[in-house]
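Engineer: Below is the file model10.cif, with mmCIF, C-alpha atoms.
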data_model
#
loop_
_atom_site.label_atom_id
_atom_site.label_comp_id
_atom_site.auth_asym_id
_atom_site.auth_seq_id
_atom_site.Cartn_x
_atom_site.Cartn_y
_atom_site.Cartn_z
CA MET Z 1000 90.86 -10.13 -88.21
CA SER Z 1001 91.32 -8.56 -84.86
CA LEU Z 1002 93.01 -8.97 -81.52
CA THR Z 1003 91.40 -11.15 -78.89
CA LEU Z 1004 91.35 -10.21 -75.23
CA ALA Z 1005 93.61 -13.21 -74.59
CA ASP Z 1006 96.14 -11.79 -77.10
CA ALA Z 1007 95.91 -8.41 -75.43
CA ASN Z 1008 96.57 -9.97 -72.04
CA ARG Z 1009 99.66 -11.77 -73.32
CA ILE Z 1010 100.98 -8.57 -74.85
CA ALA Z 1011 100.32 -6.50 -71.73
CA ASP Z 1012 101.90 -9.08 -69.44
CA GLY Z 1013 104.97 -9.12 -71.68
CA ALA Z 1014 105.27 -5.35 -71.39
CA ILE Z 1015 104.84 -5.49 -67.62
CA GLU Z 1016 107.47 -8.22 -67.35
CA LYS Z 1017 109.91 -5.94 -69.16
CA ALA Z 1018 108.97 -3.03 -66.91
CA GLN Z 1019 109.68 -5.15 -63.84
CA GLY Z 1020 113.00 -6.10 -65.40
CA ILE Z 1021 114.07 -2.47 -65.77
CA ASN Z 1022 112.42 -1.49 -62.48
CA ILE Z 1023 109.79 0.96 -63.65
CA ARG Z 1024 106.04 1.05 -63.05
CA ILE Z 1025 103.97 1.39 -66.16
CA SER Z 1026 100.47 1.60 -67.51
CA VAL Z 1027 99.93 -0.39 -70.67
CA ALA Z 1028 97.03 -0.03 -73.10
CA VAL Z 1029 96.08 -2.34 -75.96
CA VAL Z 1030 93.56 -1.09 -78.53
CA ASP Z 1031 91.89 -2.78 -81.49
CA ASN Z 1032 92.42 -1.67 -85.08
CA GLY Z 1033 89.71 0.95 -84.59
CA GLY Z 1034 91.74 2.50 -81.79
CA ARG Z 1035 89.18 1.39 -79.21
CA LEU Z 1036 90.40 0.23 -75.82
CA LEU Z 1037 90.61 -3.52 -75.38
CA LEU Z 1038 92.77 -3.70 -72.27
CA LEU Z 1039 94.49 -1.43 -69.81
CA LYS Z 1040 96.63 -2.38 -66.85
CA ARG Z 1041 98.36 -0.13 -64.34
CA MET Z 1042 101.05 -1.72 -62.21
CA ASP Z 1043 100.79 -1.48 -58.43
CA GLY Z 1044 102.09 1.90 -57.37
CA GLY Z 1045 102.08 3.23 -60.93
CA ILE Z 1046 101.02 6.85 -61.42
CA TRP Z 1047 97.51 7.23 -62.82
CA ALA Z 1048 98.47 9.95 -65.25
CA ALA Z 1049 100.31 7.25 -67.19
CA ASN Z 1050 96.87 5.85 -68.07
CA TRP Z 1051 96.33 8.79 -70.40
CA GLY Z 1052 99.72 8.65 -72.03
CA CYS Z 1053 99.58 4.94 -72.76
CA GLN Z 1054 96.13 5.16 -74.30
CA ALA Z 1055 97.06 8.16 -76.40
CA LYS Z 1056 100.13 6.40 -77.74
CA ALA Z 1057 98.18 3.24 -78.56
CA ILE Z 1058 95.46 5.20 -80.35
CA GLY Z 1059 98.07 7.16 -82.30
CA ALA Z 1060 99.76 3.93 -83.40
CA ALA Z 1061 96.45 2.30 -84.38
CA GLY Z 1062 95.47 5.35 -86.39
CA PHE Z 1063 98.68 5.57 -88.36
CA GLY Z 1064 100.04 2.05 -88.43
CA ALA Z 1065 103.62 3.18 -88.09
CA PRO Z 1066 104.95 5.68 -85.57
CA SER Z 1067 105.21 9.22 -86.84
CA GLY Z 1068 108.54 10.52 -87.99
CA GLU Z 1069 109.27 7.55 -90.22
CA GLY Z 1070 109.52 8.00 -93.97
CA ASP Z 1071 110.84 10.93 -95.94
CA ILE Z 1072 108.03 13.43 -95.60
CA ASP Z 1073 109.11 17.06 -95.10
CA PRO Z 1074 109.45 17.54 -91.30
CA GLY Z 1075 107.68 20.92 -91.36
CA LEU Z 1076 104.79 19.55 -93.35
CA GLN Z 1077 104.62 16.53 -91.14
CA ALA Z 1078 104.46 18.60 -87.97
CA ALA Z 1079 101.57 20.60 -89.41
CA LEU Z 1080 99.84 17.46 -90.57
CA LEU Z 1081 100.15 15.80 -87.20
CA GLU Z 1082 98.82 18.88 -85.43
CA ALA Z 1083 95.79 18.90 -87.72
CA VAL Z 1084 95.13 15.20 -87.30
CA LYS Z 1085 95.53 15.44 -83.56
CA GLY Z 1086 92.84 18.11 -83.47
CA MET Z 1087 90.47 16.03 -85.58
CA GLY Z 1088 91.06 13.06 -83.30
CA GLY Z 1089 89.63 15.03 -80.41
CA GLY Z 1090 93.04 15.44 -78.79
CA HIS Z 1091 93.11 11.74 -77.98
CA MET Z 1092 96.19 10.87 -79.98
CA VAL Z 1093 99.84 11.15 -79.14
CA MET Z 1094 102.32 10.80 -81.96
CA PRO Z 1095 105.75 11.33 -80.51
CA SER Z 1096 109.00 10.38 -82.17
CA PRO Z 1097 109.52 6.79 -83.32
CA LYS Z 1098 111.76 6.24 -80.31
CA THR Z 1099 108.94 6.87 -77.86
CA ALA Z 1100 105.73 6.08 -79.72
CA GLY Z 1101 103.16 3.35 -79.33
CA VAL Z 1102 103.60 0.34 -81.59
CA PRO Z 1103 101.13 -0.99 -84.15
CA ILE Z 1104 100.37 -4.72 -84.18
CA TYR Z 1105 100.12 -6.51 -87.51
CA GLN Z 1106 98.92 -9.91 -88.60
CA GLY Z 1107 100.61 -10.34 -91.95
CA ASN Z 1108 100.00 -7.00 -93.64
CA ILE Z 1109 96.84 -6.25 -91.73
CA LEU Z 1110 96.80 -3.85 -88.81
CA ILE Z 1111 94.91 -5.57 -85.99
CA GLY Z 1112 95.64 -3.24 -83.09
CA ALA Z 1113 98.26 -1.31 -81.19
CA ILE Z 1114 100.00 -1.06 -77.84
CA GLY Z 1115 101.02 2.00 -75.88
CA VAL Z 1116 102.98 2.28 -72.64
CA GLY Z 1117 103.39 5.16 -70.21
CA GLY Z 1118 105.14 5.60 -66.90
CA GLY Z 1119 108.82 5.37 -67.74
CA SER Z 1120 110.99 7.51 -69.97
CA GLY Z 1121 109.86 7.57 -73.60
CA ALA Z 1122 112.53 5.08 -74.60
CA GLU Z 1123 111.72 2.74 -71.72
CA ASP Z 1124 108.03 2.86 -72.62
CA ARG Z 1125 108.81 1.94 -76.20
CA GLU Z 1126 111.07 -0.90 -75.06
CA CYS Z 1127 108.19 -2.31 -72.98
CA SER Z 1128 105.77 -2.03 -75.92
CA LEU Z 1129 108.11 -3.96 -78.19
CA ALA Z 1130 108.70 -6.60 -75.50
CA GLY Z 1131 104.93 -7.00 -75.21
CA ILE Z 1132 104.39 -7.55 -78.91
CA GLU Z 1133 107.06 -10.23 -78.93
CA LYS Z 1134 104.75 -12.36 -76.79
CA LEU Z 1135 102.16 -12.52 -79.55
CA MET P 987 109.08 -6.59 -58.76
CA PRO P 988 108.54 -3.09 -57.33
CA SER P 989 106.22 -3.36 -54.36
CA SER P 990 103.46 -0.93 -53.44
CA PRO P 991 104.37 1.86 -51.04
CA PRO P 992 103.91 0.57 -47.48
CA GLY P 993 100.46 1.04 -46.03
CA LEU P 994 98.89 1.79 -49.38
CA MET P 995 95.25 0.91 -48.96
CA THR P 996 94.35 0.33 -52.52
CA ILE P 997 93.37 -2.46 -54.81
CA THR P 998 96.27 -4.35 -56.40
CA ILE P 999 96.71 -5.37 -59.99
CA GLY P 1000 96.55 -9.02 -58.87
CA GLU P 1001 93.17 -8.50 -57.23
CA SER P 1002 92.00 -6.57 -60.29
CA GLU P 1003 92.90 -9.46 -62.54
CA GLN P 1004 90.92 -11.88 -60.38
CA ILE P 1005 87.91 -9.58 -60.42
CA ALA P 1006 88.03 -9.24 -64.20
CA GLU P 1007 88.29 -13.00 -64.63
CA GLY P 1008 85.31 -13.52 -62.32
CA ALA P 1009 83.22 -10.94 -64.15
CA ILE P 1010 84.06 -12.42 -67.55
CA ALA P 1011 83.23 -15.93 -66.34
CA LYS P 1012 79.83 -14.68 -65.22
CA ALA P 1013 79.29 -12.88 -68.54
CA LYS P 1014 80.03 -16.09 -70.44
CA GLU P 1015 77.56 -17.90 -68.22
CA LEU P 1016 74.93 -15.28 -69.06
CA GLY P 1017 75.85 -15.35 -72.74
CA ILE P 1018 76.78 -11.66 -72.94
CA ASN P 1019 79.86 -9.70 -73.96
CA ILE P 1020 81.09 -7.03 -71.60
CA SER P 1021 83.66 -4.40 -70.76
CA ILE P 1022 85.02 -4.30 -67.20
CA ALA P 1023 86.69 -1.33 -65.58
CA ILE P 1024 88.38 -1.57 -62.19
CA CYS P 1025 89.36 1.65 -60.45
CA ASP P 1026 91.31 2.43 -57.31
CA ALA P 1027 89.60 4.35 -54.52
CA GLY P 1028 90.52 7.59 -56.28
CA GLY P 1029 88.51 6.53 -59.31
CA ARG P 1030 91.62 6.06 -61.44
CA LEU P 1031 91.69 3.10 -63.77
CA MET P 1032 93.68 0.10 -62.53
CA LEU P 1033 92.58 -2.46 -65.08
CA PHE P 1034 90.32 -2.49 -68.10
CA ASN P 1035 89.19 -5.49 -70.14
CA ARG P 1036 86.85 -5.62 -73.12
CA MET P 1037 85.75 -9.03 -74.38
CA GLU P 1038 86.56 -8.93 -78.08
CA GLU P 1039 82.90 -9.33 -79.07
CA ALA P 1040 81.75 -6.51 -76.78
CA VAL P 1041 80.77 -3.25 -78.49
CA TRP P 1042 83.36 -0.52 -78.05
CA ALA P 1043 80.82 1.90 -76.64
CA SER P 1044 80.71 -0.34 -73.57
CA ALA P 1045 84.29 0.70 -72.80
CA GLN P 1046 83.34 4.24 -71.83
CA THR P 1047 80.17 3.17 -70.04
CA ALA P 1048 81.96 0.63 -67.85
CA GLN P 1049 84.50 3.29 -66.84
CA GLY P 1050 81.78 5.86 -66.14
CA LYS P 1051 79.94 3.48 -63.85
CA ALA P 1052 83.11 2.49 -62.03
CA LEU P 1053 83.92 6.17 -61.52
CA THR P 1054 80.53 6.80 -59.93
CA SER P 1055 80.94 3.78 -57.66
CA ALA P 1056 84.40 4.89 -56.55
CA GLY P 1057 83.18 8.43 -55.95
CA PHE P 1058 80.32 7.43 -53.68
CA ASN P 1059 81.47 4.03 -52.39
CA MET P 1060 78.25 2.43 -53.51
CA SER P 1061 76.56 0.89 -56.52
CA SER P 1062 76.28 3.26 -59.47
CA GLY P 1063 72.60 2.26 -59.69
CA ARG P 1064 71.59 3.52 -56.26
CA PHE P 1065 70.98 7.09 -57.35
CA THR P 1066 67.23 6.83 -57.68
CA PRO P 1067 64.62 8.98 -55.98
CA GLU P 1068 63.37 5.88 -54.10
CA ALA P 1069 66.81 5.25 -52.63
CA GLY P 1070 66.85 8.70 -51.08
CA VAL P 1071 70.33 9.44 -52.35
CA GLY P 1072 69.36 11.06 -55.64
CA HIS P 1073 70.56 14.41 -54.37
CA LEU P 1074 74.13 13.10 -54.30
CA ARG P 1075 74.10 13.15 -58.08
CA LEU P 1076 74.20 16.90 -57.93
CA PHE P 1077 77.69 16.71 -56.55
CA GLY P 1078 78.96 14.40 -59.26
CA PRO P 1079 79.85 16.92 -61.93
CA GLN P 1080 81.32 19.27 -59.35
CA ALA P 1081 83.22 16.59 -57.49
CA ASP P 1082 84.89 15.14 -60.51
CA SER P 1083 83.53 15.34 -63.99
CA LEU P 1084 80.71 14.67 -66.35
CA ASP P 1085 82.26 11.27 -67.01
CA MET P 1086 80.26 9.74 -64.17
CA ILE P 1087 77.42 7.50 -65.28
CA TYR P 1088 74.57 6.96 -62.86
CA ILE P 1089 73.14 3.63 -63.94
CA LYS P 1090 73.33 0.19 -62.46
CA GLY P 1091 76.30 -2.00 -63.21
CA ALA P 1092 79.07 -1.07 -60.78
CA ALA P 1093 79.86 -1.70 -57.14
CA ALA P 1094 82.45 -0.53 -54.65
CA ILE P 1095 85.15 -2.85 -53.31
CA PHE P 1096 85.93 -2.88 -49.60
CA ARG P 1097 88.78 -4.33 -47.60
CA ASP P 1098 88.48 -4.18 -43.80
CA ASN P 1099 85.57 -1.77 -44.17
CA LEU P 1100 87.72 0.61 -46.18
CA ALA P 1101 86.85 1.38 -49.79
CA ILE P 1102 89.80 0.34 -51.95
CA GLY P 1103 88.26 0.63 -55.39
CA SER P 1104 85.33 -0.15 -57.63
CA CYS P 1105 84.32 -2.36 -60.52
CA GLY P 1106 82.06 -1.25 -63.38
CA VAL P 1107 80.61 -3.41 -66.12
CA ALA P 1108 78.74 -2.59 -69.34
CA GLY P 1109 77.57 -4.59 -72.33
CA GLY P 1110 74.52 -6.46 -71.07
CA THR P 1111 71.35 -5.21 -69.42
CA THR P 1112 72.03 -3.09 -66.33
CA GLU P 1113 70.95 -6.03 -64.13
CA GLN P 1114 73.33 -8.40 -65.92
CA ASP P 1115 76.11 -5.83 -65.71
CA GLU P 1116 75.77 -5.52 -61.96
CA THR P 1117 75.58 -9.28 -61.57
CA CYS P 1118 78.89 -9.60 -63.43
CA ALA P 1119 80.53 -6.80 -61.44
CA ARG P 1120 79.51 -8.34 -58.13
CA ALA P 1121 80.51 -11.85 -59.22
CA GLY P 1122 83.95 -10.46 -60.00
CA ILE P 1123 84.28 -8.55 -56.73
CA LEU P 1124 83.28 -11.65 -54.74
CA LYS P 1125 86.53 -13.28 -55.85
CA VAL P 1126 88.51 -10.92 -53.63
CA ALA P 1127 86.15 -9.08 -51.29
CA PRO P 1128 82.83 -9.41 -49.46
CA PRO P 1129 79.59 -8.12 -51.03
CA SER P 1130 78.93 -4.38 -50.65
CA LYS P 1131 75.81 -2.25 -50.80
#
Would you write the structure of this file as structure tokens?
Structural biologist:
Amino acid sequence: MSLTLADANRIADGAIEKAQGINIRISVAVVDNGGRLLLLKRMDGGIWAANWGCQAKAIGAAGFGAPSGEGDIDPGLQAALLEAVKGMGGGHMVMPSPKTAGVPIYQGNILIGAIGVGGGSGAEDRECSLAGIEKL
Amino acid sequence: MPSSPPGLMTITIGESEQIAEGAIAKAKELGINISIAICDAGGRLMLFNRMEEAVWASAQTAQGKALTSAGFNMSSGRFTPEAGVGHLRLFGPQADSLDMIYIKGAAAIFRDNLAIGSCGVAGGTTEQDETCARAGILKVAPPSK
């Protein structure tokens, strides 16, 4: 089970629609369950640095399923754990707070991919990601 | 919808979508699965698509070819000794990064004789890749060298 490119397009367009609604310019990345890029779109006039942030968030979400910071793990331990994992991931992951993270995509209980958005504030980015997934 | 800054001579997301669709249609015709990367003139990614059956390694290759094309405003496959532009490769790593890939499969995109971006494809043979890239570009712009 995995995401199709058509799914990824629907998700990305949903995120972009939300971004237009709140008047920000985003980059959106959709990755498969292996954290490999399936789709990236940068809105006209969007900053290119957002390309990195959105991919990093998507990869982080695909790698962990749920955004970091959820659950009752000791915060100190978790910070150390995340640092270690980030290093092993070649510095390609971003695991910010649940309010700003990328969002994993499930089919039933199975992780099939993830979405990440960059370009707005962390909360706006997350809002766009969630709006995108709703289109699936 | 926020519009582009006035006078911005760059490829738009709408054009990028058309190019990707054209490249994918050509790939289906050829029976191959590809990744497509479309960059602005600065070599920064505008749109990326990977057909779900395409190997993930093609993602990086398509981007590397597009980067080369954007950097030199020509096909990423033109850097051969015969073409007489092989020396330009030397500037690649200095100009931008080691991410550039100097094999066929990408072409620059021009509007009114001004380079506005590039399209790189990977997943098939290098010939097939370039055919797909150019088929995509033809949807929005004239053929380039």
Engineer: Write out, as a Markdown table, each residue of chain Z that has an atom at most 8 Å from chain P, together with the closest pair of atoms and their distance in Å to one decimal, counting only C-alpha atoms, rows going by chain and rising number.
Structural biologist:
| residue | atom | partner | partner_atom | distance |
| --- | --- | --- | --- | --- |
| Z:Leu1002 | CA | P:Glu1038 | CA | 7.3 |
| Z:Thr1003 | CA | P:Glu1038 | CA | 5.4 |
| Z:Leu1004 | CA | P:Glu1038 | CA | 5.7 |
| Z:Gln1019 | CA | P:Met987 | CA | 5.3 |
| Z:Gly1020 | CA | P:Met987 | CA | 7.7 |
| Z:Asn1022 | CA | P:Pro988 | CA | 6.6 |
| Z:Ile1023 | CA | P:Pro988 | CA | 7.6 |
| Z:Arg1024 | CA | P:Pro988 | CA | 7.5 |
| Z:Arg1035 | CA | P:Trp1042 | CA | 6.2 |
| Z:Leu1036 | CA | P:Ala1045 | CA | 6.8 |
| Z:Leu1037 | CA | P:Arg1036 | CA | 4.9 |
| Z:Leu1038 | CA | P:Asn1035 | CA | 4.5 |
| Z:Leu1039 | CA | P:Phe1034 | CA | 4.6 |
| Z:Lys1040 | CA | P:Leu1033 | CA | 4.4 |
| Z:Arg1041 | CA | P:Met1032 | CA | 5.0 |
| Z:Met1042 | CA | P:Ile999 | CA | 6.1 |
| Z:Asp1043 | CA | P:Ser990 | CA | 5.7 |
| Z:Gly1044 | CA | P:Ser990 | CA | 5.0 |
| Z:Trp1047 | CA | P:Arg1030 | CA | 6.2 |
| Z:Asn1050 | CA | P:Leu1031 | CA | 7.3 |
Engineer: Please report the interatomic distance between CA of Glu1123 in chain Z and CA of Ala1028 in chain Z in Å with one decimal.
Structural biologist: 15.0 Å
Engineer: Enumerate, as a VMD selection string, the residues matched when the PyMOL selection byres ((chain P and resi 1114-1116) around 9) is run on the file above.
Structural biologist: chain P and resid 1009 1013 1016 1018 1020 1048 1061 1063 1090 to 1093 1106 to 1113 1117 to 1121
Engineer: Write the residues of the preceding selection, restricted to C-alpha atoms, as an mmCIF file, keeping the file's coordinate frame.
Structural biologist:
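So the final result, stored in part_39.cif, reads:
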data_model
loop_
_atom_site.group_PDB
_atom_site.id
_atom_site.type_symbol
_atom_site.label_atom_id
_atom_site.label_comp_id
_atom_site.auth_asym_id
_atom_site.auth_seq_id
_atom_site.Cartn_x
_atom_site.Cartn_y
_atom_site.Cartn_z
ATOM 1 C CA ALA P 1009 83.220 -10.940 -64.150
ATOM 2 C CA ALA P 1013 79.290 -12.880 -68.540
ATOM 3 C CA LEU P 1016 74.930 -15.280 -69.060
ATOM 4 C CA ILE P 1018 76.780 -11.660 -72.940
ATOM 5 C CA ILE P 1020 81.090 -7.030 -71.600
ATOM 6 C CA ALA P 1048 81.960 0.630 -67.850
ATOM 7 C CA SER P 1061 76.560 0.890 -56.520
ATOM 8 C CA GLY P 1063 72.600 2.260 -59.690
ATOM 9 C CA LYS P 1090 73.330 0.190 -62.460
ATOM 10 C CA GLY P 1091 76.300 -2.000 -63.210
ATOM 11 C CA ALA P 1092 79.070 -1.070 -60.780
ATOM 12 C CA ALA P 1093 79.860 -1.700 -57.140
ATOM 13 C CA GLY P 1106 82.060 -1.250 -63.380
ATOM 14 C CA VAL P 1107 80.610 -3.410 -66.120
ATOM 15 C CA ALA P 1108 78.740 -2.590 -69.340
ATOM 16 C CA GLY P 1109 77.570 -4.590 -72.330
ATOM 17 C CA GLY P 1110 74.520 -6.460 -71.070
ATOM 18 C CA THR P 1111 71.350 -5.210 -69.420
ATOM 19 C CA THR P 1112 72.030 -3.090 -66.330
ATOM 20 C CA GLU P 1113 70.950 -6.030 -64.130
ATOM 21 C CA THR P 1117 75.580 -9.280 -61.570
ATOM 22 C CA CYS P 1118 78.890 -9.600 -63.430
ATOM 23 C CA ALA P 1119 80.530 -6.800 -61.440
ATOM 24 C CA ARG P 1120 79.510 -8.340 -58.130
ATOM 25 C CA ALA P 1121 80.510 -11.850 -59.220
#
Engineer: Select, from Z:Ala1060, Z:Val1116, Z:Ala1049, Z:Ala1122, the residue with the minimum atom-to-atom distance to Pro1103 in chain Z, counting all atoms listed in the file.
Structural biologist: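 Between Z:Ala1060, Z:Val1116, Z:Ala1049, Z:Ala1122, the residue approaching Pro1103 in chain Z most closely is Z:Ala1060.
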Engineer: Please work out which residues fall within 10 Å of (81.9, -8.8, -49.5), coordinates as given in the file, with all atoms listed in the file counting, and return them as a CSV table (one decimal) with C-alpha atoms, in the coordinates of the input.
Structural biologist:
chain,number,residue,atom,x,y,z
P,1094,ALA,CA,82.4,-0.5,-54.6
P,1095,ILE,CA,85.2,-2.8,-53.3
P,1096,PHE,CA,85.9,-2.9,-49.6
P,1097,ARG,CA,88.8,-4.3,-47.6
P,1098,ASP,CA,88.5,-4.2,-43.8
P,1099,ASN,CA,85.6,-1.8,-44.2
P,1120,ARG,CA,79.5,-8.3,-58.1
P,1123,ILE,CA,84.3,-8.6,-56.7
P,1124,LEU,CA,83.3,-11.6,-54.7
P,1125,LYS,CA,86.5,-13.3,-55.8
P,1126,VAL,CA,88.5,-10.9,-53.6
P,1127,ALA,CA,86.2,-9.1,-51.3
P,1128,PRO,CA,82.8,-9.4,-49.5
P,1129,PRO,CA,79.6,-8.1,-51.0
P,1130,SER,CA,78.9,-4.4,-50.6
P,1131,LYS,CA,75.8,-2.2,-50.8
Engineer: Please measure the separation of CA of Gly1013 in chain Z and CA of Lys1134 in chain Z, giving the value in Å to one decimal.
Structural biologist: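 Going from CA of Gly1013 in chain Z over to CA of Lys1134 in chain Z covers 6.1 Å.
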